[in-house]
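Visitor: This is the structure I have questions about; it appears just below.
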Amino acid sequence: MTLEAQRLRACRAVALLVASAVALACASRPPVAAPARRAQESTARAAAPPQVPSARPAALEPPPELQVRPDPASLRSRPLSAVARAGGPGAVAREVVLLLEDLRFAPGDGVLDARSRRALDALVARLRLEPPGWVIEIQGHADAAGPEVENLRIGLARAEAVRDYLARAGGIARERIAVVSLGSSHPAGDDSTAAGRARNRRAVVLVLR
């Protein structure tokens with residue numbers, strides 16, 4: 001074999017080795033399809049319009065203040081202190097935090113006098129210092145001089161006069177005030193005397209929490 005033939009054979013062997021090495025290197029590399037696919041997905045996401053989050057539902061309004069609506073029939077048979085206890089027909093599970101019970105009226109009358117208006121003004125000023133959450137119960141009373149139906153009517157008129165004054169002059173929402181007439185069923189004084197009857201012609205204001 002000539003020298004030229006030997007050189008040609010050696011070159012072919014080297015070329016075969018290089019080709020084998022290149023093939024082995026290509027076989028061990030990861031496919032290029034996955035990065036290309038990821039790039040395509042990223043491009044598609046960038047081109048897609050941004051998603052606007054759905055609007056949040058409006059916040060629920062807080063429930064209105066709990067209104068005290070005692071049952072007049074049950075209150076007629078209970079002492080005044082029962083409104084501060086739970087249990088029993090018509091009872092209210094609230095605590096009496098303020099009490100005003102010296103609002104007096106003339107016989108057969110439901111008009112507040114100057115002394116009672118001053119007492120209610122002082123009560124309103126005191127309520128402004130109280131934390132929120134209170135409600136008011138106003139109980140109207142009468143002496144036993146007339147029929148019970150009339151006593152209930154005048155008791156209600158007295159309770160409503162107090163409520164109207166608190167709403168008008170004190171700025172207290174009427175929804176926070178409950179009124180009830182107890183007639184002559186809960187006397188504060190002796191109805192056989194003029195002084196006792198004067199004590200019974202009254203309205204009582206209870207601030208409950």
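Scheme for the structure tokens: letters A, B, ... for chains in order shown; per-chain residue numbers from 1; ligand numbers from 1 in order shown.
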Do a neighbour search on region 197-203 of chain A at 9 Å with only C-alpha atoms, toss out local chain neighbours closer than 4 positions, and write the hits as a ChimeraX atom specification.
Guide: /A:100-109,138-145,155,158-159,162,184,186-193
Visitor: Mind writing the picked residues with N, CA and C atoms as a tab-separated table (two decimals), in the first residue's frame?
Guide:
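Final output, out.tsv:
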chain	number	residue	atom	x	y	z
A	100	LEU	N	-84.74	57.24	84.55
A	100	LEU	CA	-85.31	58.55	84.87
A	100	LEU	C	-86.79	58.31	85.16
A	101	GLU	N	-87.21	58.57	86.40
A	101	GLU	CA	-88.57	58.21	86.78
A	101	GLU	C	-89.33	59.32	87.49
A	102	ASP	N	-88.88	60.56	87.39
A	102	ASP	CA	-89.58	61.64	88.08
A	102	ASP	C	-90.18	62.64	87.10
A	103	LEU	N	-90.66	62.15	85.95
A	103	LEU	CA	-91.34	63.01	84.99
A	103	LEU	C	-92.83	63.04	85.37
A	104	ARG	N	-93.31	64.17	85.86
A	104	ARG	CA	-94.67	64.25	86.41
A	104	ARG	C	-95.59	65.01	85.46
A	105	PHE	N	-96.89	64.71	85.57
A	105	PHE	CA	-97.91	65.31	84.71
A	105	PHE	C	-99.10	65.77	85.54
A	106	ALA	N	-99.82	66.72	85.00
A	106	ALA	CA	-101.06	67.19	85.64
A	106	ALA	C	-102.16	66.16	85.43
A	107	PRO	N	-103.23	66.18	86.23
A	107	PRO	CA	-104.32	65.20	86.07
A	107	PRO	C	-104.92	65.25	84.66
A	108	GLY	N	-105.06	64.08	84.05
A	108	GLY	CA	-105.64	63.95	82.73
A	108	GLY	C	-104.84	64.60	81.63
A	109	ASP	N	-103.57	64.89	81.88
A	109	ASP	CA	-102.77	65.68	80.95
A	109	ASP	C	-101.57	64.87	80.48
A	138	ILE	N	-89.87	53.79	77.18
A	138	ILE	CA	-90.60	54.80	77.94
A	138	ILE	C	-91.93	54.18	78.38
A	139	GLN	N	-92.18	54.21	79.68
A	139	GLN	CA	-93.39	53.63	80.24
A	139	GLN	C	-94.27	54.75	80.79
A	140	GLY	N	-95.49	54.84	80.28
A	140	GLY	CA	-96.43	55.85	80.74
A	140	GLY	C	-97.35	55.30	81.82
A	141	HIS	N	-97.59	56.12	82.87
A	141	HIS	CA	-98.40	55.70	84.02
A	141	HIS	C	-99.51	56.71	84.28
A	142	ALA	N	-100.52	56.26	84.99
A	142	ALA	CA	-101.63	57.13	85.38
A	142	ALA	C	-102.05	56.78	86.81
A	143	ASP	N	-102.79	57.70	87.45
A	143	ASP	CA	-103.38	57.35	88.73
A	143	ASP	C	-104.66	56.54	88.49
A	144	ALA	N	-105.29	56.09	89.54
A	144	ALA	CA	-106.45	55.22	89.43
A	144	ALA	C	-107.76	55.99	89.54
A	145	ALA	N	-107.72	57.29	89.24
A	145	ALA	CA	-108.94	58.10	89.43
A	145	ALA	C	-110.01	57.77	88.40
A	155	GLY	N	-101.79	57.16	79.86
A	155	GLY	CA	-100.42	56.66	80.05
A	155	GLY	C	-99.65	56.62	78.74
A	158	ARG	N	-98.65	60.13	77.65
A	158	ARG	CA	-97.50	60.64	78.39
A	158	ARG	C	-96.20	60.03	77.87
A	159	ALA	N	-96.22	58.72	77.59
A	159	ALA	CA	-95.01	58.08	77.05
A	159	ALA	C	-94.67	58.66	75.68
A	162	VAL	N	-92.99	62.10	75.90
A	162	VAL	CA	-91.56	62.00	76.22
A	162	VAL	C	-90.77	61.58	74.98
A	184	SER	N	-102.71	52.36	85.33
A	184	SER	CA	-102.58	52.53	86.79
A	184	SER	C	-102.13	51.24	87.47
A	186	HIS	N	-99.14	50.00	87.97
A	186	HIS	CA	-97.88	50.03	88.74
A	186	HIS	C	-97.77	51.36	89.48
A	187	PRO	N	-98.56	51.55	90.51
A	187	PRO	CA	-98.53	52.83	91.23
A	187	PRO	C	-97.21	53.03	91.97
A	188	ALA	N	-96.75	54.27	91.99
A	188	ALA	CA	-95.57	54.62	92.78
A	188	ALA	C	-95.97	55.20	94.13
A	189	GLY	N	-97.22	55.64	94.27
A	189	GLY	CA	-97.70	56.22	95.53
A	189	GLY	C	-99.08	55.69	95.85
A	190	ASP	N	-99.61	56.13	96.97
A	190	ASP	CA	-100.92	55.70	97.46
A	190	ASP	C	-102.01	56.48	96.72
A	191	ASP	N	-102.85	55.77	95.98
A	191	ASP	CA	-103.88	56.43	95.18
A	191	ASP	C	-105.00	57.01	96.04
A	192	SER	N	-105.01	56.72	97.32
A	192	SER	CA	-106.06	57.27	98.19
A	192	SER	C	-105.73	58.69	98.65
A	193	THR	N	-104.51	59.16	98.32
A	193	THR	CA	-104.11	60.51	98.73
A	193	THR	C	-103.76	61.33	97.50
Visitor: Go through A:Leu152, A:Ala157, A:Val205, A:Leu129 and flag the residue nearest Leu182 (chain A), using only C-alpha atoms for the distances.
Guide: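 When distances to Leu182 (chain A) are compared using only C-alpha atoms, the smallest one comes from A:Leu152.
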Visitor: Compile the contact shell of region 121-124 of chain A as a ChimeraX atom specification: residues with an atom at most 9 Å away, counting only C-alpha atoms, same-chain residues fewer than 6 positions apart removed.
Guide: /A:98,100,166,169-172
Visitor: Please indicate the distance in Å from CA of Glu175 (chain A) to CA of Glu148 (chain A), rounded to one decimal place.
Guide: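 Computing the Euclidean distance for CA of Glu175 (chain A) and CA of Glu148 (chain A) yields 28.2 Å.
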Visitor: Choose the residue, out of A:Ala161, A:Ala173, A:Ile136, A:Val204, that has the smallest atom-to-atom separation from Glu95 (chain A); count only C-alpha atoms.
Guide: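 Distance minimum relative to Glu95 (chain A) lands on A:Ile136.
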Visitor: Could you please write out, as a VMD selection string, every residue of region 83-172 of chain A that DSSP assigns to helix (DSSP H, G or I)?
Guide: chain A and resid 83 to 84 114 to 127 148 to 168
Visitor: Would you work out the distance separating CA of Pro147 (chain A) from CA of Leu112 (chain A), expressed in Å to one decimal?
Guide: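 Value for the CA of Pro147 (chain A)-CA of Leu112 (chain A) distance: 22.6 Å.
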Visitor: Could you tell me how far CA of Leu156 (chain A) sits from CA of Glu130 (chain A), in Å to one decimal place?
Guide: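 Going from CA of Glu130 (chain A) over to CA of Leu156 (chain A), I get 27.1 Å.
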Visitor: Which residue gives the smallest distance to Leu99 (chain A) among A:Pro131, A:Arg126, A:Val111, A:Arg118, with only C-alpha atoms counted?
Guide: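 Using only C-alpha atoms, the shortest distance to Leu99 (chain A) belongs to A:Arg126.
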Visitor: Please return as number ranges by chain: the residues of region 91-153 of chain A that backbone DSSP assigns to strand (DSSP E).
Guide: A: 96-104, 135-141
Visitor: Could you dump the residues just selected with C-alpha atoms as a PDB file, in the first residue's frame?
Guide:
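See selection_20.pdb below for the written result:
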ATOM      1  CA  VAL A  96     -80.973  49.049  82.625  1.00  0.00           C
ATOM      2  CA  VAL A  97     -78.027  51.449  82.544  1.00  0.00           C
ATOM      3  CA  LEU A  98     -79.881  54.735  83.127  1.00  0.00           C
ATOM      4  CA  LEU A  99     -83.231  55.379  84.790  1.00  0.00           C
ATOM      5  CA  LEU A 100     -85.315  58.546  84.867  1.00  0.00           C
ATOM      6  CA  GLU A 101     -88.572  58.210  86.780  1.00  0.00           C
ATOM      7  CA  ASP A 102     -89.583  61.640  88.081  1.00  0.00           C
ATOM      8  CA  LEU A 103     -91.343  63.010  84.991  1.00  0.00           C
ATOM      9  CA  ARG A 104     -94.669  64.255  86.407  1.00  0.00           C
ATOM     10  CA  VAL A 135     -82.077  51.757  73.293  1.00  0.00           C
ATOM     11  CA  ILE A 136     -84.812  53.479  75.270  1.00  0.00           C
ATOM     12  CA  GLU A 137     -88.063  52.222  76.745  1.00  0.00           C
ATOM     13  CA  ILE A 138     -90.604  54.796  77.941  1.00  0.00           C
ATOM     14  CA  GLN A 139     -93.393  53.628  80.240  1.00  0.00           C
ATOM     15  CA  GLY A 140     -96.433  55.853  80.745  1.00  0.00           C
ATOM     16  CA  HIS A 141     -98.401  55.696  84.020  1.00  0.00           C
TER      17      HIS A 141
END
